[in-house]
>>> print(open('structure-v5.cif').read())   # mmCIF, C-alpha atoms
data_coords
#
loop_
_atom_site.label_atom_id
_atom_site.label_comp_id
_atom_site.auth_asym_id
_atom_site.auth_seq_id
_atom_site.Cartn_x
_atom_site.Cartn_y
_atom_site.Cartn_z
CA GLY F 14 11.25 9.85 -12.10
CA GLN F 15 11.83 10.25 -15.80
CA ASN F 16 10.62 13.21 -17.81
CA ILE F 17 10.04 12.82 -21.53
CA ASP F 18 8.26 15.54 -23.48
CA GLN F 19 6.91 15.56 -27.01
CA PRO F 20 4.12 17.53 -28.68
CA THR F 21 0.63 16.13 -28.39
CA GLU F 22 -0.50 16.60 -31.99
CA MET F 23 0.85 17.60 -35.39
CA THR F 24 -0.86 17.93 -38.76
CA ALA F 25 0.81 17.91 -42.15
CA THR F 26 -0.04 17.54 -45.81
CA GLU F 27 0.59 14.44 -47.89
CA GLY F 28 4.05 14.65 -49.48
CA ALA F 29 5.35 17.11 -46.90
CA ILE F 30 7.93 16.72 -44.13
CA VAL F 31 7.18 16.65 -40.41
CA GLN F 32 9.64 16.80 -37.52
CA ILE F 33 8.62 15.44 -34.11
CA ASN F 34 10.76 16.70 -31.26
CA CYS F 35 11.44 14.87 -28.02
CA THR F 36 13.26 16.22 -24.97
CA TYR F 37 14.17 14.08 -22.02
CA GLN F 38 15.59 14.16 -18.52
CA THR F 39 16.35 10.68 -17.21
CA SER F 40 18.47 8.95 -14.60
CA GLY F 41 21.19 7.69 -16.90
CA PHE F 42 20.96 7.08 -20.63
CA ASN F 43 21.31 3.89 -22.63
CA GLY F 44 19.64 4.74 -25.90
CA LEU F 45 16.57 6.40 -27.38
CA PHE F 46 13.86 4.64 -29.36
CA TRP F 47 11.08 5.80 -31.63
CA TYR F 48 7.98 3.66 -32.07
CA GLN F 49 4.99 4.05 -34.38
CA GLN F 50 1.53 3.14 -33.14
CA HIS F 51 -1.55 3.09 -35.34
CA ALA F 52 -4.89 3.49 -33.59
CA GLY F 53 -5.94 0.29 -31.85
CA GLU F 54 -2.69 -1.48 -32.61
CA ALA F 55 0.58 -2.31 -30.87
CA PRO F 56 3.61 -0.02 -31.00
CA THR F 57 6.13 -1.06 -33.66
CA PHE F 58 9.85 -0.24 -33.61
CA LEU F 59 11.07 2.52 -35.92
CA SER F 60 14.54 3.59 -34.86
CA TYR F 61 17.25 3.49 -32.21
CA ASN F 62 19.91 6.08 -31.38
CA VAL F 63 22.61 5.71 -28.78
CA LEU F 64 25.31 7.99 -30.26
CA ASP F 65 24.93 11.62 -31.30
CA GLY F 66 23.94 12.19 -34.88
CA LEU F 67 21.46 11.24 -37.53
CA GLU F 68 20.24 7.73 -38.33
CA GLU F 69 18.46 7.43 -41.67
CA LYS F 70 16.13 4.63 -42.62
CA GLY F 71 14.23 5.23 -45.82
CA ARG F 72 11.70 8.04 -45.40
CA PHE F 73 12.30 8.16 -41.64
CA SER F 74 15.33 9.67 -39.90
CA SER F 75 16.08 10.09 -36.21
CA PHE F 76 18.53 12.49 -34.60
CA LEU F 77 20.05 12.49 -31.14
CA SER F 78 21.95 15.04 -29.06
CA ARG F 79 22.83 13.53 -25.71
CA SER F 80 24.31 16.75 -24.31
CA LYS F 81 21.02 18.57 -24.99
CA GLY F 82 18.73 15.70 -24.01
CA TYR F 83 17.05 16.06 -27.38
CA SER F 84 15.94 13.91 -30.26
CA TYR F 85 13.75 14.31 -33.28
CA LEU F 86 12.04 11.99 -35.71
CA LEU F 87 11.83 13.26 -39.27
CA LEU F 88 9.16 11.87 -41.58
CA LYS F 89 9.68 12.73 -45.25
CA GLU F 90 7.35 12.39 -48.25
CA LEU F 91 4.41 11.90 -45.95
CA GLN F 92 1.82 9.32 -46.91
CA MET F 93 -1.69 8.85 -45.57
CA LYS F 94 -0.59 5.61 -43.90
CA ASP F 95 1.85 7.63 -41.76
CA SER F 96 -1.11 8.96 -39.75
CA ALA F 97 -0.36 7.43 -36.35
CA SER F 98 1.04 8.16 -32.92
CA TYR F 99 4.81 8.36 -32.59
CA LEU F 100 6.29 7.41 -29.25
CA CYS F 101 9.66 8.59 -27.96
CA ALA F 102 11.19 6.22 -25.39
CA VAL F 103 14.42 6.48 -23.42
CA ARG F 104 16.30 3.58 -21.88
CA ASP F 105 17.59 4.78 -18.55
CA GLY F 106 20.54 3.80 -16.39
CA ASP F 107 18.67 0.72 -15.14
CA TYR F 108 17.95 -0.33 -18.74
CA LYS F 109 14.23 0.32 -18.33
CA LEU F 110 12.26 2.07 -21.07
CA SER F 111 10.36 5.23 -20.20
CA PHE F 112 7.90 6.50 -22.79
CA GLY F 113 6.64 9.92 -23.69
CA ALA F 114 2.89 10.37 -24.05
CA GLY F 115 3.17 10.21 -27.84
CA THR F 116 2.60 12.60 -30.73
CA THR F 117 -0.43 12.03 -32.93
CA VAL F 118 0.37 12.89 -36.53
CA THR F 119 -2.50 13.47 -38.93
CA VAL F 120 -1.70 13.50 -42.63
CA ARG F 121 -4.16 15.40 -44.79
CA ALA F 122 -4.66 14.96 -48.52
CA THR R 29 6.33 -16.99 -36.31
CA ALA R 30 3.54 -15.57 -34.16
CA GLY R 31 5.84 -13.31 -32.11
CA ILE R 32 3.87 -12.26 -29.06
CA THR R 33 0.28 -13.23 -28.41
CA GLN R 34 -2.02 -11.87 -25.73
CA ALA R 35 -5.37 -13.07 -24.48
CA PRO R 36 -8.08 -12.03 -24.17
CA THR R 37 -8.33 -9.29 -26.78
CA SER R 38 -10.77 -7.41 -24.60
CA GLN R 39 -12.63 -7.97 -21.36
CA ILE R 40 -15.23 -6.29 -19.20
CA LEU R 41 -14.70 -7.10 -15.54
CA ALA R 42 -16.72 -6.32 -12.43
CA ALA R 43 -14.86 -4.45 -9.71
CA GLY R 44 -13.54 -6.78 -7.04
CA ARG R 45 -13.14 -9.72 -9.40
CA SER R 46 -9.78 -11.24 -10.24
CA MET R 47 -8.39 -11.75 -13.70
CA THR R 48 -5.24 -13.00 -15.40
CA LEU R 49 -4.04 -11.52 -18.66
CA ARG R 50 -2.02 -14.00 -20.67
CA CYS R 51 1.11 -13.30 -22.70
CA THR R 52 3.16 -15.80 -24.69
CA GLN R 53 6.17 -15.23 -26.94
CA ASP R 54 7.85 -17.68 -29.29
CA MET R 55 11.03 -15.71 -29.96
CA ARG R 56 12.94 -17.21 -27.02
CA HIS R 57 13.50 -13.72 -25.66
CA ASN R 58 14.99 -13.49 -22.18
CA ALA R 59 13.17 -10.36 -21.02
CA MET R 60 9.43 -9.68 -20.85
CA TYR R 61 7.43 -6.67 -19.77
CA TRP R 62 3.90 -5.55 -18.95
CA TYR R 63 2.79 -1.99 -19.70
CA ARG R 64 -0.48 -0.14 -19.39
CA GLN R 65 -1.40 2.62 -21.80
CA ASP R 66 -3.76 5.39 -20.82
CA LEU R 67 -4.76 8.43 -22.84
CA GLY R 68 -2.37 11.29 -22.29
CA LEU R 69 -0.01 9.27 -20.10
CA GLY R 70 1.75 7.03 -22.57
CA LEU R 71 3.01 3.55 -21.79
CA ARG R 72 3.88 2.87 -18.16
CA LEU R 73 5.80 -0.18 -16.97
CA ILE R 74 3.94 -2.38 -14.48
CA HIS R 75 6.26 -5.35 -13.99
CA TYR R 76 9.14 -6.90 -15.84
CA SER R 77 11.19 -10.09 -15.93
CA ASN R 78 14.80 -10.14 -17.10
CA THR R 79 14.88 -13.94 -17.28
CA ALA R 80 12.76 -16.95 -16.36
CA GLY R 81 12.36 -17.26 -12.60
CA THR R 82 12.91 -13.56 -11.85
CA THR R 83 10.54 -10.59 -11.78
CA GLY R 84 10.76 -6.93 -10.85
CA LYS R 85 8.49 -3.96 -10.19
CA GLY R 86 8.08 -1.17 -12.67
CA GLU R 87 6.63 2.31 -12.31
CA VAL R 88 3.03 1.31 -11.42
CA PRO R 89 3.06 -2.19 -9.83
CA ASP R 90 0.36 -1.77 -7.16
CA GLY R 91 -2.64 -4.04 -7.64
CA TYR R 92 -0.81 -6.32 -10.09
CA SER R 93 1.30 -9.45 -9.77
CA VAL R 94 3.30 -11.49 -12.27
CA SER R 95 5.12 -14.79 -12.51
CA ARG R 96 7.69 -16.15 -14.94
CA ALA R 97 7.76 -19.92 -14.64
CA ASN R 98 9.31 -20.41 -18.08
CA THR R 99 10.80 -18.38 -20.94
CA ASP R 100 7.67 -18.16 -23.06
CA ASP R 101 4.89 -17.12 -20.67
CA PHE R 102 4.44 -14.01 -18.53
CA PRO R 103 0.92 -13.74 -17.07
CA LEU R 104 -0.32 -10.61 -15.33
CA THR R 105 -2.85 -11.02 -12.51
CA LEU R 106 -5.23 -8.47 -11.04
CA ALA R 107 -6.23 -9.90 -7.66
CA SER R 108 -9.16 -7.55 -7.02
CA ALA R 109 -9.85 -5.23 -9.93
CA VAL R 110 -10.70 -1.55 -9.45
CA PRO R 111 -12.07 0.93 -12.03
CA SER R 112 -8.72 2.76 -12.19
CA GLN R 113 -7.26 -0.37 -13.76
CA THR R 114 -9.35 0.22 -16.86
CA SER R 115 -6.70 0.51 -19.55
CA VAL R 116 -5.07 -1.13 -22.54
CA TYR R 117 -2.42 -3.61 -21.45
CA PHE R 118 0.56 -4.43 -23.64
CA CYS R 119 3.01 -7.25 -23.15
CA ALA R 120 6.46 -6.89 -24.69
CA SER R 121 9.64 -8.92 -24.96
CA SER R 122 13.27 -8.32 -25.83
CA ASP R 123 16.42 -10.32 -26.30
CA SER R 124 18.50 -8.69 -23.61
CA GLY R 125 21.65 -10.15 -25.15
CA LEU R 126 21.54 -7.66 -28.03
CA ALA R 127 23.05 -4.19 -27.80
CA THR R 128 19.89 -2.48 -28.99
CA ASP R 129 17.63 -4.72 -26.88
CA THR R 130 14.61 -3.59 -28.87
CA GLN R 131 11.26 -4.36 -27.27
CA TYR R 132 8.57 -5.99 -29.40
CA PHE R 133 4.96 -5.59 -28.39
CA GLY R 134 1.95 -7.88 -28.40
CA PRO R 135 -1.43 -6.75 -29.78
CA GLY R 136 -2.77 -5.63 -26.41
CA THR R 137 -5.70 -6.42 -24.11
CA ARG R 138 -8.38 -3.79 -23.61
CA LEU R 139 -9.71 -4.12 -20.07
CA THR R 140 -12.73 -2.30 -18.67
CA VAL R 141 -13.42 -2.52 -14.94
CA LEU R 142 -16.92 -1.48 -13.92
#
>>> encode(input="structure-v5.cif", output="structure tokens")
Amino acid sequence: GQNIDQPTEMTATEGAIVQINCTYQTSGFNGLFWYQQHAGEAPTFLSYNVLDGLEEKGRFSSFLSRSKGYSYLLLKELQMKDSASYLCAVRDGDYKLSFGAGTTVTVRA
Amino acid sequence: TAGITQAPTSQILAAGRSMTLRCTQDMRHNAMYWYRQDLGLGLRLIHYSNTAGTTGKGEVPDGYSVSRANTDDFPLTLASAVPSQTSVYFCASSDSGLATDTQYFGPGTRLTVL
């Protein structure tokens, strides 16, 4: 099976930076996704990495190292609305998505 | 556009009863998926369909069946519900013709089996 690990919870202060790490061991690799999920809502797409390096999209950036089986999602200038769960998902060799359990980020004033 | 719709929003079901969760997308996406989300376990794939007329089993298919008669609809059926099927069910779709093949999720159905 697939193994995707990310921290369960993180807390940060409004305006700060938080980095959510994700490590994975999968059968094949065809890209890594980050989704945001607010409580009681559907996951929404944040970012996609298939090559090594950093992808920046506004306040959010995502990094991938395929050789290390590692990714992180960086949230800058945190806002209260960023309080949510962040899901790391890897598309395996069969093009199926496997999800981590998610990291709940709480932003405090 | 509506994107993906799911019905019902929530349901309480007696064990042993059958139920069909409905999912419809208007994006003309080729691929559709059903996931369940349980606390501490993340999203797990139940069944998927790469194109109309085909379906496949995901990670946790037992107790569930699906059909894909056309592009837009992908219903999920529980033939005889059990309490362990209490969960939040998400339908998703993707245009498998794109390199990123990003999956887009419906609003979910919260199912409680008693």
>>> closest_residue(input="structure-v5.cif", among="F:Glu54, F:Glu90, F:Asp18, F:Glu27", to="chain R", atoms="all atoms listed in the file")
F:Glu54
>>> residues_around(input="structure-v5.cif", residues="Ser115 in chain R", least_positions_apart="2", cutoff="7 Å", atoms="all atoms listed in the file", output="ChimeraX atom specification")
/R:64-66,113,117,138-140
>>> closest_residue(input="structure-v5.cif", among="R:Ala43, R:Met60, R:Arg50, R:Ser38", to="Thr105 in chain R", atoms="only C-alpha atoms")
R:Arg50
>>> closest_residue(input="structure-v5.cif", among="R:Ser112, R:Thr137, R:Ser124, R:Thr52", to="Gly31 in chain R", atoms="all atoms listed in the file")
R:Thr52
>>> resolve_selection(input="structure-v5.cif", expression="the PyMOL selection byres ((chain F and resi 66) around 10)", output="ChimeraX atom specification")
/F:62-65,67-69,75-79,84
>>> atom_distance(input="structure-v5.cif", atom1="CA of Ser122 in chain R", atom2="CA of Leu87 in chain F")
25.5 Å
>>> closest_residue(input="structure-v5.cif", among="F:Ala29, F:Leu100, F:Leu88, F:Ala55", to="chain R", atoms="all atoms listed in the file")
F:Ala55
>>> resolve_selection(input="structure-v5.cif", expression="the PyMOL selection byres ((chain R and resi 47) around 8)", output="list in words")
Arg45, Ser46, Thr48, Leu49, Thr105, Leu106, Ala107, Ser108 and Ala109 of chain R
>>> residues_around(input="structure-v5.cif", residues="range 91-96 of chain R", least_positions_apart="2", cutoff="9 Å", atoms="only C-alpha atoms", output="list of chain:residue names")
R:Met60, R:Trp62, R:Ile74, R:His75, R:Tyr76, R:Ser77, R:Thr79, R:Ala80, R:Gly81, R:Thr82, R:Thr83, R:Gly84, R:Val88, R:Pro89, R:Asn98, R:Thr99, R:Asp100, R:Asp101, R:Phe102, R:Pro103, R:Leu104, R:Thr105, R:Leu106, R:Ala107, R:Ser108, R:Ala109, R:Val110, R:Gln113
>>> interface_residues(input="structure-v5.cif", of="chain F", to="chain R", cutoff="9 Å", atoms="all atoms listed in the file", output="list in words")
Gly14, Thr21, Gly44, Phe46, Gly53, Glu54, Ala55, Pro56, Thr57, Phe58, Tyr61, Asn62, Val63, Leu100, Lys109, Leu110, Ser111, Phe112, Gly113, Ala114 and Gly115 of chain F
>>> resolve_selection(input="structure-v5.cif", expression="the PyMOL selection byres ((chain F and resi 95) around 10)", output="PDB file with C-alpha atoms, in the coordinates of the input")
ATOM      1  CA  GLU F  27       0.590  14.440 -47.890  1.00  0.00           C
ATOM      2  CA  GLN F  49       4.990   4.050 -34.380  1.00  0.00           C
ATOM      3  CA  GLN F  50       1.530   3.140 -33.140  1.00  0.00           C
ATOM      4  CA  HIS F  51      -1.550   3.090 -35.340  1.00  0.00           C
ATOM      5  CA  LEU F  88       9.160  11.870 -41.580  1.00  0.00           C
ATOM      6  CA  LYS F  89       9.680  12.730 -45.250  1.00  0.00           C
ATOM      7  CA  GLU F  90       7.350  12.390 -48.250  1.00  0.00           C
ATOM      8  CA  LEU F  91       4.410  11.900 -45.950  1.00  0.00           C
ATOM      9  CA  GLN F  92       1.820   9.320 -46.910  1.00  0.00           C
ATOM     10  CA  MET F  93      -1.690   8.850 -45.570  1.00  0.00           C
ATOM     11  CA  LYS F  94      -0.590   5.610 -43.900  1.00  0.00           C
ATOM     12  CA  SER F  96      -1.110   8.960 -39.750  1.00  0.00           C
ATOM     13  CA  ALA F  97      -0.360   7.430 -36.350  1.00  0.00           C
ATOM     14  CA  SER F  98       1.040   8.160 -32.920  1.00  0.00           C
ATOM     15  CA  TYR F  99       4.810   8.360 -32.590  1.00  0.00           C
ATOM     16  CA  VAL F 118       0.370  12.890 -36.530  1.00  0.00           C
ATOM     17  CA  THR F 119      -2.500  13.470 -38.930  1.00  0.00           C
ATOM     18  CA  VAL F 120      -1.700  13.500 -42.630  1.00  0.00           C
TER      19      VAL F 120
END
>>> closest_residue(input="structure-v5.cif", among="R:Asp54, R:Asp123, R:Gln34, R:Ile40", to="Asn78 in chain R", atoms="all atoms listed in the file")
R:Asp123
>>> decode(input="structure-v5.cif", residues="range 47-93 of chain R", atoms="N, CA and C atoms", output="mmCIF file, in the first residue's frame")
data_model
loop_
_atom_site.group_PDB
_atom_site.id
_atom_site.type_symbol
_atom_site.label_atom_id
_atom_site.label_comp_id
_atom_site.auth_asym_id
_atom_site.auth_seq_id
_atom_site.Cartn_x
_atom_site.Cartn_y
_atom_site.Cartn_z
ATOM 1 N N MET R 47 -28.977 1.982 0.216
ATOM 2 C CA MET R 47 -29.035 3.401 -0.093
ATOM 3 C C MET R 47 -28.133 3.719 -1.273
ATOM 4 N N THR R 48 -28.545 4.677 -2.073
ATOM 5 C CA THR R 48 -27.717 5.154 -3.184
ATOM 6 C C THR R 48 -27.381 6.617 -2.980
ATOM 7 N N LEU R 49 -26.095 6.911 -2.990
ATOM 8 C CA LEU R 49 -25.612 8.285 -2.936
ATOM 9 C C LEU R 49 -25.434 8.765 -4.374
ATOM 10 N N ARG R 50 -25.973 9.947 -4.639
ATOM 11 C CA ARG R 50 -25.944 10.442 -6.020
ATOM 12 C C ARG R 50 -24.823 11.460 -6.216
ATOM 13 N N CYS R 51 -24.251 11.442 -7.400
ATOM 14 C CA CYS R 51 -23.184 12.378 -7.768
ATOM 15 C C CYS R 51 -23.362 12.745 -9.232
ATOM 16 N N THR R 52 -23.375 14.032 -9.511
ATOM 17 C CA THR R 52 -23.508 14.522 -10.886
ATOM 18 C C THR R 52 -22.512 15.650 -11.117
ATOM 19 N N GLN R 53 -21.833 15.596 -12.270
ATOM 20 C CA GLN R 53 -20.914 16.682 -12.620
ATOM 21 C C GLN R 53 -21.287 17.236 -13.996
ATOM 22 N N ASP R 54 -21.068 18.530 -14.157
ATOM 23 C CA ASP R 54 -21.425 19.189 -15.416
ATOM 24 C C ASP R 54 -20.189 19.732 -16.127
ATOM 25 N N MET R 55 -19.030 19.192 -15.808
ATOM 26 C CA MET R 55 -17.784 19.671 -16.406
ATOM 27 C C MET R 55 -17.320 18.783 -17.566
ATOM 28 N N ARG R 56 -18.110 17.765 -17.877
ATOM 29 C CA ARG R 56 -17.770 16.822 -18.937
ATOM 30 C C ARG R 56 -16.436 16.126 -18.675
ATOM 31 N N HIS R 57 -16.136 15.915 -17.407
ATOM 32 C CA HIS R 57 -14.917 15.209 -17.049
ATOM 33 C C HIS R 57 -15.041 13.721 -17.362
ATOM 34 N N ASN R 58 -13.942 13.127 -17.802
ATOM 35 C CA ASN R 58 -13.959 11.706 -18.124
ATOM 36 C C ASN R 58 -13.972 10.833 -16.868
ATOM 37 N N ALA R 59 -13.167 11.200 -15.874
ATOM 38 C CA ALA R 59 -12.967 10.337 -14.720
ATOM 39 C C ALA R 59 -13.777 10.822 -13.514
ATOM 40 N N MET R 60 -14.298 9.862 -12.754
ATOM 41 C CA MET R 60 -15.014 10.171 -11.516
ATOM 42 C C MET R 60 -14.604 9.196 -10.433
ATOM 43 N N TYR R 61 -14.738 9.641 -9.182
ATOM 44 C CA TYR R 61 -14.225 8.892 -8.048
ATOM 45 C C TYR R 61 -15.186 8.997 -6.867
ATOM 46 N N TRP R 62 -15.167 7.974 -6.016
ATOM 47 C CA TRP R 62 -15.840 8.044 -4.728
ATOM 48 C C TRP R 62 -14.808 7.786 -3.629
ATOM 49 N N TYR R 63 -14.799 8.678 -2.633
ATOM 50 C CA TYR R 63 -13.940 8.543 -1.473
ATOM 51 C C TYR R 63 -14.805 8.542 -0.209
ATOM 52 N N ARG R 64 -14.263 7.942 0.844
ATOM 53 C CA ARG R 64 -14.811 8.138 2.168
ATOM 54 C C ARG R 64 -13.750 8.791 3.033
ATOM 55 N N GLN R 65 -14.194 9.647 3.936
ATOM 56 C CA GLN R 65 -13.266 10.357 4.809
ATOM 57 C C GLN R 65 -13.637 10.104 6.255
ATOM 58 N N ASP R 66 -12.703 9.511 6.968
ATOM 59 C CA ASP R 66 -12.893 9.198 8.376
ATOM 60 C C ASP R 66 -11.803 9.871 9.181
ATOM 61 N N LEU R 67 -12.153 10.279 10.390
ATOM 62 C CA LEU R 67 -11.221 11.007 11.245
ATOM 63 C C LEU R 67 -9.948 10.210 11.445
ATOM 64 N N GLY R 68 -8.831 10.856 11.200
ATOM 65 C CA GLY R 68 -7.540 10.224 11.402
ATOM 66 C C GLY R 68 -7.074 9.316 10.278
ATOM 67 N N LEU R 69 -7.934 9.068 9.306
ATOM 68 C CA LEU R 69 -7.554 8.158 8.215
ATOM 69 C C LEU R 69 -7.441 8.866 6.883
ATOM 70 N N GLY R 70 -7.921 10.066 6.776
ATOM 71 C CA GLY R 70 -7.858 10.757 5.501
ATOM 72 C C GLY R 70 -8.852 10.211 4.504
ATOM 73 N N LEU R 71 -8.730 10.644 3.278
ATOM 74 C CA LEU R 71 -9.602 10.217 2.192
ATOM 75 C C LEU R 71 -9.129 8.878 1.646
ATOM 76 N N ARG R 72 -10.066 7.937 1.501
ATOM 77 C CA ARG R 72 -9.736 6.640 0.948
ATOM 78 C C ARG R 72 -10.633 6.361 -0.251
ATOM 79 N N LEU R 73 -10.026 5.883 -1.325
ATOM 80 C CA LEU R 73 -10.743 5.650 -2.572
ATOM 81 C C LEU R 73 -11.578 4.374 -2.486
ATOM 82 N N ILE R 74 -12.857 4.499 -2.834
ATOM 83 C CA ILE R 74 -13.771 3.348 -2.792
ATOM 84 C C ILE R 74 -13.862 2.699 -4.180
ATOM 85 N N HIS R 75 -14.306 3.484 -5.144
ATOM 86 C CA HIS R 75 -14.410 3.047 -6.532
ATOM 87 C C HIS R 75 -14.090 4.237 -7.431
ATOM 88 N N TYR R 76 -13.750 3.925 -8.674
ATOM 89 C CA TYR R 76 -13.478 4.977 -9.627
ATOM 90 C C TYR R 76 -13.979 4.549 -11.002
ATOM 91 N N SER R 77 -14.048 5.536 -11.905
ATOM 92 C CA SER R 77 -14.429 5.271 -13.284
ATOM 93 C C SER R 77 -13.589 6.182 -14.174
ATOM 94 N N ASN R 78 -12.808 5.600 -15.058
ATOM 95 C CA ASN R 78 -11.942 6.400 -15.932
ATOM 96 C C ASN R 78 -12.723 7.000 -17.102
ATOM 97 N N THR R 79 -13.832 6.350 -17.466
ATOM 98 C CA THR R 79 -14.666 6.854 -18.551
ATOM 99 C C THR R 79 -16.025 6.176 -18.454
ATOM 100 N N ALA R 80 -17.029 6.753 -19.095
ATOM 101 C CA ALA R 80 -18.369 6.179 -19.059
ATOM 102 C C ALA R 80 -18.338 4.737 -19.541
ATOM 103 N N GLY R 81 -19.018 3.866 -18.780
ATOM 104 C CA GLY R 81 -19.092 2.459 -19.126
ATOM 105 C C GLY R 81 -18.058 1.585 -18.454
ATOM 106 N N THR R 82 -17.083 2.207 -17.757
ATOM 107 C CA THR R 82 -16.056 1.435 -17.059
ATOM 108 C C THR R 82 -15.979 1.836 -15.594
ATOM 109 N N THR R 83 -15.689 0.881 -14.726
ATOM 110 C CA THR R 83 -15.484 1.175 -13.307
ATOM 111 C C THR R 83 -14.346 0.317 -12.779
ATOM 112 N N GLY R 84 -13.790 0.734 -11.638
ATOM 113 C CA GLY R 84 -12.711 -0.022 -11.030
ATOM 114 C C GLY R 84 -12.773 0.085 -9.520
ATOM 115 N N LYS R 85 -12.123 -0.850 -8.843
ATOM 116 C CA LYS R 85 -12.109 -0.872 -7.385
ATOM 117 C C LYS R 85 -10.942 -0.062 -6.849
ATOM 118 N N GLY R 86 -11.225 0.651 -5.761
ATOM 119 C CA GLY R 86 -10.188 1.402 -5.095
ATOM 120 C C GLY R 86 -9.648 0.643 -3.910
ATOM 121 N N GLU R 87 -9.280 1.390 -2.878
ATOM 122 C CA GLU R 87 -8.641 0.813 -1.695
ATOM 123 C C GLU R 87 -9.632 0.083 -0.800
ATOM 124 N N VAL R 88 -10.886 0.605 -0.690
ATOM 125 C CA VAL R 88 -11.874 0.045 0.244
ATOM 126 C C VAL R 88 -13.206 -0.187 -0.458
ATOM 127 N N PRO R 89 -13.296 -1.125 -1.401
ATOM 128 C CA PRO R 89 -14.512 -1.287 -2.202
ATOM 129 C C PRO R 89 -15.603 -2.164 -1.587
ATOM 130 N N ASP R 90 -15.244 -2.967 -0.556
ATOM 131 C CA ASP R 90 -16.201 -3.950 -0.043
ATOM 132 C C ASP R 90 -17.427 -3.289 0.554
ATOM 133 N N GLY R 91 -18.610 -3.795 0.141
ATOM 134 C CA GLY R 91 -19.870 -3.266 0.646
ATOM 135 C C GLY R 91 -20.449 -2.157 -0.211
ATOM 136 N N TYR R 92 -19.719 -1.772 -1.267
ATOM 137 C CA TYR R 92 -20.146 -0.684 -2.140
ATOM 138 C C TYR R 92 -20.143 -1.148 -3.602
ATOM 139 N N SER R 93 -21.048 -0.574 -4.386
ATOM 140 C CA SER R 93 -21.033 -0.798 -5.826
ATOM 141 C C SER R 93 -21.305 0.525 -6.535
#
